[in-house]
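Peer 1: Coordinates in target.cif, mmCIF, C-alpha atoms, are listed below.
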data_target
loop_
_atom_site.label_atom_id
_atom_site.label_comp_id
_atom_site.auth_asym_id
_atom_site.auth_seq_id
_atom_site.Cartn_x
_atom_site.Cartn_y
_atom_site.Cartn_z
CA MET A 10 80.42 205.66 27.13
CA ASP A 11 83.02 203.18 25.86
CA TRP A 12 82.84 200.58 28.62
CA PRO A 13 86.15 198.82 29.34
CA GLY A 14 86.52 195.06 29.61
CA LYS A 15 85.43 194.05 26.11
CA ARG A 16 87.10 191.56 23.80
CA GLY A 17 86.41 192.52 20.23
CA SER A 18 82.76 193.34 19.80
CA HIS A 19 81.59 191.10 22.65
CA PRO A 20 81.65 192.02 26.34
CA ILE A 21 83.47 189.82 28.84
CA GLY A 22 81.39 188.82 31.77
CA LEU A 23 78.78 186.42 33.07
CA LEU A 24 77.25 184.10 30.49
CA GLY A 25 75.20 182.10 33.00
CA LEU A 26 74.33 181.92 36.69
CA GLY A 27 73.27 179.02 38.88
CA ILE A 28 72.74 178.28 42.55
CA HIS A 29 72.05 175.32 44.80
CA LEU A 30 70.40 175.50 48.22
CA PRO A 31 70.06 172.48 50.53
CA GLU A 32 66.48 171.43 51.18
CA ARG A 33 66.52 171.65 54.97
CA VAL A 34 65.41 175.00 56.36
CA MET A 35 66.45 175.67 59.96
CA THR A 36 64.58 178.35 61.91
CA ASN A 37 65.89 180.41 64.80
CA ASP A 38 63.60 178.61 67.20
CA GLU A 39 65.35 175.33 66.41
CA TRP A 40 68.64 176.75 67.67
CA ALA A 41 67.16 176.87 71.17
CA GLU A 42 67.56 173.09 71.22
CA TYR A 43 71.34 173.50 71.00
CA VAL A 44 72.21 176.83 72.65
CA ASP A 45 70.70 179.44 74.96
CA THR A 46 69.09 181.69 72.35
CA SER A 47 65.77 182.72 70.83
CA ASP A 48 64.29 183.99 67.62
CA GLU A 49 64.07 187.50 69.07
CA TRP A 50 67.74 187.49 70.18
CA ILE A 51 69.01 186.35 66.77
CA VAL A 52 66.80 188.67 64.70
CA GLU A 53 67.64 191.70 66.81
CA ARG A 54 71.39 191.18 66.44
CA THR A 55 71.65 189.77 62.92
CA GLY A 56 68.36 190.03 61.03
CA ILE A 57 68.62 186.31 60.25
CA ARG A 58 65.42 184.24 60.53
CA THR A 59 66.25 181.00 58.68
CA ARG A 60 69.18 179.29 56.99
CA ARG A 61 69.76 176.17 54.88
CA ILE A 62 71.54 173.12 56.32
CA ALA A 63 73.20 170.52 54.11
CA GLY A 64 72.06 166.93 54.57
CA ARG A 65 74.27 164.31 56.19
CA GLU A 66 75.01 162.76 52.79
CA GLU A 67 75.88 166.08 51.14
CA SER A 68 79.40 167.45 50.84
CA THR A 69 80.99 170.59 49.46
CA ALA A 70 81.53 169.02 46.04
CA ASP A 71 77.86 167.97 45.88
CA LEU A 72 76.63 171.54 46.33
CA ALA A 73 79.28 172.94 44.00
CA LEU A 74 78.44 170.46 41.25
CA ALA A 75 74.72 171.24 41.40
CA ALA A 76 75.35 174.99 41.17
CA ALA A 77 77.79 174.49 38.30
CA GLN A 78 75.30 172.42 36.34
CA ALA A 79 72.63 175.08 36.89
CA ALA A 80 74.97 177.81 35.62
CA LEU A 81 75.78 175.82 32.48
CA ALA A 82 72.10 175.18 31.83
CA ASP A 83 71.39 178.90 32.27
CA CYS A 84 73.53 179.74 29.24
CA ALA A 85 72.87 176.52 27.28
CA LEU A 86 76.49 175.36 27.47
CA GLU A 87 77.89 171.88 27.95
CA PRO A 88 80.70 170.86 30.31
CA ALA A 89 82.95 170.45 27.25
CA ASP A 90 82.60 174.20 26.62
CA ILE A 91 84.45 175.07 29.86
CA ASP A 92 88.21 175.73 29.76
CA GLU A 93 88.97 176.29 33.44
CA ILE A 94 87.43 176.07 36.92
CA VAL A 95 88.04 178.42 39.85
CA LEU A 96 86.33 177.38 43.08
CA ALA A 97 86.18 179.64 46.13
CA THR A 98 85.62 177.91 49.48
CA ASP A 99 86.84 177.78 53.06
CA THR A 100 85.09 174.45 53.72
CA PRO A 101 86.79 172.07 51.27
CA GLU A 102 85.78 168.53 50.39
CA VAL A 103 89.06 167.26 51.87
CA PHE A 104 92.28 168.94 52.99
CA ILE A 105 94.18 167.69 49.91
CA PRO A 106 93.46 167.77 46.96
CA ASP A 107 91.35 170.82 46.24
CA THR A 108 87.59 170.66 45.83
CA ALA A 109 87.81 171.89 42.24
CA ALA A 110 89.44 168.58 41.28
CA TYR A 111 86.42 166.65 42.53
CA VAL A 112 84.04 168.96 40.67
CA GLN A 113 86.09 168.65 37.48
CA ALA A 114 85.91 164.86 37.54
CA ARG A 115 82.20 164.69 38.35
CA LEU A 116 81.25 167.39 35.86
CA GLY A 117 83.10 165.59 33.08
CA VAL A 118 84.86 168.63 31.65
CA GLY A 119 88.06 166.84 30.71
CA HIS A 120 91.59 167.54 31.90
CA ILE A 121 91.25 171.31 32.10
CA PRO A 122 93.08 173.33 34.78
CA CYS A 123 91.13 173.80 37.98
CA TYR A 124 91.98 175.08 41.44
CA ASP A 125 90.57 176.36 44.70
CA LEU A 126 90.73 179.94 45.87
CA ALA A 127 90.81 179.14 49.59
CA GLY A 128 91.21 181.18 52.74
CA SER A 129 89.85 184.43 51.34
CA GLY A 130 86.64 184.04 53.29
CA CYS A 131 83.46 185.66 52.10
CA ALA A 132 85.26 187.72 49.45
CA GLY A 133 86.24 184.59 47.52
CA PHE A 134 83.64 184.60 44.75
CA VAL A 135 84.15 188.23 43.76
CA LEU A 136 87.93 187.74 43.76
CA ALA A 137 87.46 184.65 41.58
CA LEU A 138 85.35 186.64 39.10
CA ASP A 139 88.24 189.04 38.58
CA ILE A 140 90.65 186.14 38.04
CA ALA A 141 88.27 184.54 35.54
CA ARG A 142 87.87 187.84 33.69
CA SER A 143 91.64 188.12 33.32
CA ARG A 144 91.83 184.57 31.94
CA THR A 145 89.22 185.41 29.33
CA LEU A 146 91.06 188.60 28.42
CA ALA A 147 94.38 186.75 28.11
CA ASP A 148 93.32 183.52 26.41
CA GLY A 149 89.67 183.80 25.45
CA ARG A 150 88.77 181.08 27.95
CA ARG A 151 85.37 180.22 29.36
CA VAL A 152 85.85 179.90 33.10
CA LEU A 153 83.47 178.28 35.55
CA VAL A 154 83.54 180.21 38.85
CA ILE A 155 81.99 178.60 41.94
CA GLY A 156 81.48 179.90 45.47
CA VAL A 157 80.45 177.18 47.91
CA GLU A 158 80.37 176.71 51.67
CA LEU A 159 79.18 174.09 54.15
CA LEU A 160 79.87 176.33 57.10
CA THR A 161 77.41 174.56 59.38
CA ARG A 162 79.42 171.36 59.01
CA LEU A 163 82.62 172.86 60.39
CA MET A 164 81.39 175.17 63.14
CA ASP A 165 80.73 174.70 66.84
CA TRP A 166 76.99 174.25 67.35
CA GLN A 167 77.43 175.14 71.03
CA ASP A 168 78.84 178.63 70.40
CA ARG A 169 75.75 180.82 70.26
CA ASN A 170 77.72 183.89 69.16
CA THR A 171 78.73 182.30 65.86
CA CYS A 172 76.67 179.18 65.10
CA VAL A 173 73.44 181.09 64.42
CA LEU A 174 75.13 183.25 61.78
CA PHE A 175 75.88 180.70 59.09
CA GLY A 176 74.19 178.62 56.42
CA ASP A 177 75.12 176.30 53.55
CA ALA A 178 74.83 177.15 49.84
CA ALA A 179 76.57 177.24 46.47
CA GLY A 180 76.52 179.68 43.58
CA ALA A 181 78.25 179.57 40.20
CA ALA A 182 78.83 181.67 37.13
CA VAL A 183 80.22 180.99 33.67
CA VAL A 184 82.60 183.79 32.70
CA GLY A 185 83.47 184.39 29.07
CA ALA A 186 82.97 186.62 26.05
CA GLY A 187 79.64 186.66 24.31
CA PRO A 188 76.89 188.88 22.90
CA GLY A 189 74.62 188.19 25.88
CA ALA A 190 77.24 188.42 28.61
CA VAL A 191 76.63 190.51 31.70
CA GLU A 192 79.72 192.64 31.32
CA ILE A 193 82.27 192.85 34.12
CA VAL A 194 82.97 196.56 33.67
CA ALA A 195 85.61 196.83 36.38
CA ALA A 196 86.89 194.99 39.44
CA THR A 197 89.25 195.74 42.30
CA ALA A 198 90.36 194.15 45.57
CA GLY A 199 92.61 194.51 48.60
CA THR A 200 94.03 192.67 51.60
CA ASP A 201 95.20 193.61 55.09
CA GLY A 202 97.10 190.60 56.38
CA SER A 203 98.02 192.35 59.63
CA LYS A 204 94.52 191.53 60.90
CA SER A 205 94.53 187.85 60.02
CA ASP A 206 94.02 186.77 63.63
CA ILE A 207 90.76 188.69 64.08
CA LEU A 208 88.56 186.37 62.01
CA GLY A 209 89.11 182.74 61.10
CA VAL A 210 89.65 179.16 62.23
CA GLU A 211 93.16 178.79 63.60
CA ALA A 212 93.43 175.05 64.31
CA GLY A 213 94.15 172.61 61.50
CA GLY A 214 97.19 174.12 59.82
CA THR A 215 100.90 173.75 60.54
CA ARG A 216 100.85 176.30 63.36
CA LEU A 217 98.17 174.42 65.32
CA PRO A 218 97.94 170.90 63.86
CA ILE A 219 94.96 168.73 64.70
CA THR A 220 95.56 166.63 67.81
CA VAL A 221 93.29 164.56 70.03
CA GLU A 222 93.54 167.21 72.72
CA ARG A 223 92.60 170.05 70.38
CA VAL A 224 89.65 168.11 69.00
CA GLN A 225 88.48 167.36 72.54
CA GLN A 226 88.67 171.09 73.25
CA GLY A 227 86.69 171.82 70.08
CA LEU A 228 89.44 174.04 68.68
CA HIS A 229 89.06 172.53 65.20
CA LYS A 230 85.60 174.13 65.02
CA LEU A 231 86.34 177.32 66.92
CA VAL A 232 85.58 180.40 64.83
CA VAL A 233 87.71 183.26 66.14
CA MET A 234 85.78 186.47 65.60
CA GLU A 235 86.30 189.83 67.26
CA GLY A 236 82.81 191.06 66.49
CA ARG A 237 83.19 194.82 66.87
CA GLU A 238 86.39 194.98 64.85
CA VAL A 239 84.96 192.72 62.14
CA PHE A 240 81.85 194.91 61.93
CA ARG A 241 83.91 198.09 61.62
CA GLU A 242 86.24 196.64 59.02
CA ALA A 243 83.44 195.01 56.98
CA VAL A 244 81.43 198.22 56.72
CA GLY A 245 84.46 200.38 55.98
CA ARG A 246 86.12 198.07 53.48
CA MET A 247 82.98 197.14 51.51
CA SER A 248 82.04 200.81 51.25
CA GLN A 249 85.56 201.88 50.31
CA VAL A 250 86.12 199.22 47.66
CA SER A 251 82.69 199.99 46.18
CA LEU A 252 83.66 203.61 45.60
CA GLN A 253 87.04 202.54 44.23
CA VAL A 254 85.54 200.26 41.59
CA LEU A 255 83.08 202.99 40.57
CA GLU A 256 85.93 205.45 40.17
CA LYS A 257 87.84 202.87 38.13
CA ALA A 258 84.83 202.51 35.81
CA GLY A 259 84.29 206.27 35.57
CA VAL A 260 80.76 206.22 37.01
CA SER A 261 79.11 207.39 40.21
CA MET A 262 76.89 205.79 42.82
CA ASP A 263 73.92 207.53 41.17
CA ASP A 264 74.51 205.37 38.08
CA VAL A 265 74.20 202.11 40.02
CA ALA A 266 70.76 200.50 39.96
CA LEU A 267 71.44 197.88 42.64
CA VAL A 268 74.15 196.96 45.14
CA VAL A 269 74.55 193.24 45.85
CA PRO A 270 76.81 192.89 48.90
CA HIS A 271 78.08 189.91 50.82
CA GLN A 272 75.25 188.89 53.12
CA ALA A 273 77.00 188.95 56.51
CA ASN A 274 74.21 190.29 58.69
CA LEU A 275 71.51 192.91 58.42
CA ARG A 276 73.30 195.45 60.58
CA ILE A 277 76.33 195.43 58.31
CA LEU A 278 74.19 195.75 55.18
CA ASN A 279 72.25 198.70 56.60
CA ALA A 280 75.50 200.39 57.67
CA VAL A 281 76.99 199.94 54.18
CA ALA A 282 73.88 201.55 52.67
CA ARG A 283 74.27 204.53 55.00
CA ARG A 284 78.00 204.83 54.26
CA LEU A 285 77.32 204.81 50.51
CA ASP A 286 74.46 207.30 51.06
CA ILE A 287 71.89 205.22 49.20
CA PRO A 288 68.43 204.02 50.29
CA GLU A 289 68.22 200.46 51.59
CA ALA A 290 65.85 199.71 48.70
CA ARG A 291 68.86 199.85 46.37
CA VAL A 292 70.73 197.22 48.40
CA PHE A 293 69.68 193.62 47.80
CA MET A 294 69.29 191.63 51.02
CA ASN A 295 68.44 187.96 51.51
CA VAL A 296 70.48 187.31 54.66
CA GLN A 297 67.15 186.96 56.49
CA GLU A 298 66.48 183.68 54.67
CA TYR A 299 69.94 182.14 54.30
CA GLY A 300 72.26 183.64 56.89
CA ASN A 301 75.92 184.11 56.06
CA THR A 302 76.85 181.58 53.36
CA GLY A 303 80.40 182.85 52.90
CA SER A 304 81.70 182.82 49.35
CA ALA A 305 78.29 181.58 48.12
CA SER A 306 76.40 184.62 49.39
CA VAL A 307 77.12 187.03 46.51
CA PRO A 308 76.25 184.64 43.65
CA VAL A 309 73.12 183.44 45.47
CA ALA A 310 72.02 187.04 46.08
CA LEU A 311 72.79 188.05 42.48
CA TRP A 312 70.81 185.09 41.13
CA GLU A 313 67.84 185.93 43.37
CA ALA A 314 67.95 189.62 42.46
CA ARG A 315 67.75 188.67 38.79
CA ASP A 316 65.09 186.03 39.44
CA GLN A 317 62.93 188.51 41.35
CA GLY A 318 63.10 191.10 38.57
CA ARG A 319 65.21 193.52 40.61
CA ILE A 320 67.64 193.89 37.69
CA LYS A 321 66.62 195.34 34.33
CA PRO A 322 68.41 195.37 30.97
CA GLY A 323 70.99 198.15 30.93
CA ASP A 324 71.37 198.26 34.74
CA LEU A 325 74.70 198.68 36.46
CA VAL A 326 74.95 196.30 39.43
CA LEU A 327 77.66 196.59 42.07
CA LEU A 328 79.01 193.51 43.88
CA THR A 329 80.98 194.08 47.08
CA ALA A 330 82.34 191.59 49.61
CA PHE A 331 84.56 191.30 52.67
CA GLY A 332 86.05 188.28 54.39
CA ALA A 333 88.75 186.81 56.58
CA GLY A 334 92.30 187.80 55.82
CA PHE A 335 91.13 190.54 55.78
CA HIS A 336 90.23 190.42 52.06
CA TRP A 337 87.78 192.65 50.24
CA ALA A 338 86.68 192.95 46.62
CA ALA A 339 84.17 194.65 44.36
CA ALA A 340 83.02 194.23 40.78
CA LEU A 341 80.76 196.38 38.63
CA LEU A 342 78.45 194.53 36.25
CA ARG A 343 76.49 195.93 33.33
CA PHE A 344 73.47 193.93 32.28
CA GLN A 345 72.96 193.92 28.55
CA GLU A 346 70.15 195.37 26.50
CA SER A 347 70.23 192.31 24.23
CA PRO A 348 68.70 188.95 25.20
CA GLY A 349 70.93 186.81 27.38
CA ILE A 350 71.46 186.22 31.06
CA ASP A 351 69.47 189.35 31.93
CA SER A 352 66.31 187.72 30.63
CA GLY A 353 66.09 185.46 33.67
CA CYS A 354 65.62 182.38 31.52
#
Could you write out this structure as structure tokens?
Peer 2:
Amino acid sequence: MDWPGKRGSHPIGLLGLGIHLPERVMTNDEWAEYVDTSDEWIVERTGIRTRRIAGREESTADLALAAAQAALADCALEPADIDEIVLATDTPEVFIPDTAAYVQARLGVGHIPCYDLAGSGCAGFVLALDIARSRTLADGRRVLVIGVELLTRLMDWQDRNTCVLFGDAAGAAVVGAGPGAVEIVAATAGTDGSKSDILGVEAGGTRLPITVERVQQGLHKLVVMEGREVFREAVGRMSQVSLQVLEKAGVSMDDVALVVPHQANLRILNAVARRLDIPEARVFMNVQEYGNTGSASVPVALWEARDQGRIKPGDLVLLTAFGAGFHWAAALLRFQESPGIDSGC
């Protein structure tokens, strides 16, 4: 098959991958110190057992920088080899300017364009991959894509329905054209803005500016989430967009070796597997260890799948994600037969 998405004789895709996980591991039992909950309650409803918590001295840019450096090292590139940075996050370093500017300065890449892809929730990294792919197609650029969240820093630790769900992490990929690239065969995405009020943090913008009263009420950390509707939409949209990207690439679900979805919770992942009519063994899951890390979840899961030998040369790997907005996205990757990122080095 003549796979689309190539520039000349070299595929366009992932040249390197990197992740960064904070050192602190927080168990479910520890949450009982803050809210009325238990390990059994959390596992039964979410499948989550532990998550990583950023240290007091760590910020979003810290995690993003570490993941970016790991991704560059993975493909033996230097910061000077990067032409652009796209950073997906809903937990920025500061309100203005964007977090990508801080990463650019600390990474030492020079005055290249960089920007945040913010507000797209957990779909951010996969959306950013598609943007980076288009930049490589148009201008031959090497683009550093980062998904990073410090969700535990901005949530209400007294809300047991949401606080136990999240963790902190960062993942990054270098997108470009090269003989060892993991090819981005196809990508697609969608948005339903009519359901924006179902999932998100409403306080802090121009509609509900931060005031002393709102901070005292904890509205600046209130995650609005209509659980049943979010579950239904997440399962339906991730399944639907997965089939759409496969159709776009001219392949079937039988051709896919592994599905790497956004790690929201175990119930959603199991439901997606059933909807796609594939065994759970073909769906990579690490939500048990890290919880929901937002836009970082897909790159962290992809890195771990490769690191654990779950991906072989020649495999087709499907990424699918869903987040606030509602936004959803999917990308189909083809790992190369030749040495490169698929070697796990």
Peer 1: What would the selection look like, as a list in words, if the PyMOL selection byres ((chain A and resi 340) around 9) were run on the coordinates I just shared?
Peer 2: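 Expected selection for the PyMOL selection byres ((chain A and resi 340) around 9) here is Val135, Leu136, Leu138, Asp139, Ile193, Val194, Ala195, Ala196, Thr197, Ala198, Ser251, Val254, Leu255, Val326, Leu327, Leu328, Thr329, Ala338, Ala339, Leu341 and Leu342 of chain A.
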Peer 1: On this file, the PyMOL selection byres ((chain A and resi 295) around 9) gives some set of residues; write that set as a list in words.
Peer 2: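 On the file shown, the PyMOL selection byres ((chain A and resi 295) around 9) covers Ile57, Gln272, Phe293, Met294, Val296, Gln297, Glu298, Tyr299, Gly300, Ser306, Val309, Ala310 and Glu313 of chain A.
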Peer 1: Choose the residue, out of A:Phe240, A:Leu74, A:Val95, A:Gly332, that has the smallest atom-to-atom separation from A:Ile140; count only C-alpha atoms.
Peer 2: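 Among the listed residues, A:Val95 lies closest to A:Ile140.
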Peer 1: Could you state the separation of atom CA of A:Leu311 and atom CA of A:Glu256 in Å, given to one decimal place?
Peer 2: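 The value is 21.9 Å.
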Peer 1: Sort by chain and increasing residue number a table of all residues of stretch 63-92 of chain A within 12 Å of stretch 163-174 of chain A, each with its closest pair of atoms and their distance in Å to one decimal, counting only C-alpha atoms, and write it as JSON lines.
Peer 2:
{"residue": "A:Ala63", "atom": "CA", "partner": "A:Leu163", "partner_atom": "CA", "distance": 11.6}
{"residue": "A:Ser68", "atom": "CA", "partner": "A:Leu163", "partner_atom": "CA", "distance": 11.4}
{"residue": "A:Thr69", "atom": "CA", "partner": "A:Leu163", "partner_atom": "CA", "distance": 11.3}
Peer 1: Which of these residues is nearest to A:Pro106, using only C-alpha atoms: A:Val210, A:Ala89, A:Cys123, A:Leu285?
Peer 2: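 Distance minimum relative to A:Pro106 lands on A:Cys123.
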Peer 1: Expand the PyMOL selection byres ((chain A and resi 30) around 10) into the individual residues it matches in the shown file, reporting them as a PyMOL selection string.
Peer 2: chain A and resi 28-29+31-34+60-63+72+75-76+176-180+299+305+309
Peer 1: Out of A:Arg284, A:Val191, A:Glu235, A:Arg276, which residue has the shortest atom-to-atom distance to A:Lys321 when counting all atoms listed in the file?
Peer 2: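 Ranking A:Arg284, A:Val191, A:Glu235, A:Arg276 by distance to A:Lys321, first place goes to A:Val191.
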Peer 1: Extract, using all atoms listed in the file, all DNA, RNA and protein residues at most 9 Å from A:Gly199, discarding same-chain residues fewer than 3 positions from it, and format them as a list in words.
Peer 2: Arg246, Val250, Phe335, His336, Trp337 and Ala338 of chain A
Peer 1: Using only C-alpha atoms, which of the listed residues (A:Gly303, A:Gly245, A:Gly133, A:Pro308) sits closest to A:Ala280?
Peer 2: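 Smallest separation from A:Ala280 among the options: A:Gly245.
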Peer 1: Go ahead and find all residues with at least one atom no further than 12 Å from (81.9, 167.7, 33.5) in the file's coordinates, using only C-alpha atoms; report them as a list of chain:residue names.
Peer 2: A:Leu74, A:Ala75, A:Ala77, A:Gln78, A:Leu81, A:Leu86, A:Glu87, A:Pro88, A:Ala89, A:Asp90, A:Ile91, A:Asp92, A:Glu93, A:Ile94, A:Ala109, A:Ala110, A:Tyr111, A:Val112, A:Gln113, A:Ala114, A:Arg115, A:Leu116, A:Gly117, A:Val118, A:Gly119, A:His120, A:Ile121, A:Cys123, A:Leu153
Peer 1: Restricting the calculation to only C-alpha atoms: of A:Gln226, A:Ser143, A:Ser261, A:Thr59, which residue gets closest to A:Thr302?
Peer 2: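 Checking each candidate against A:Thr302, we get A:Thr59 as the closest.
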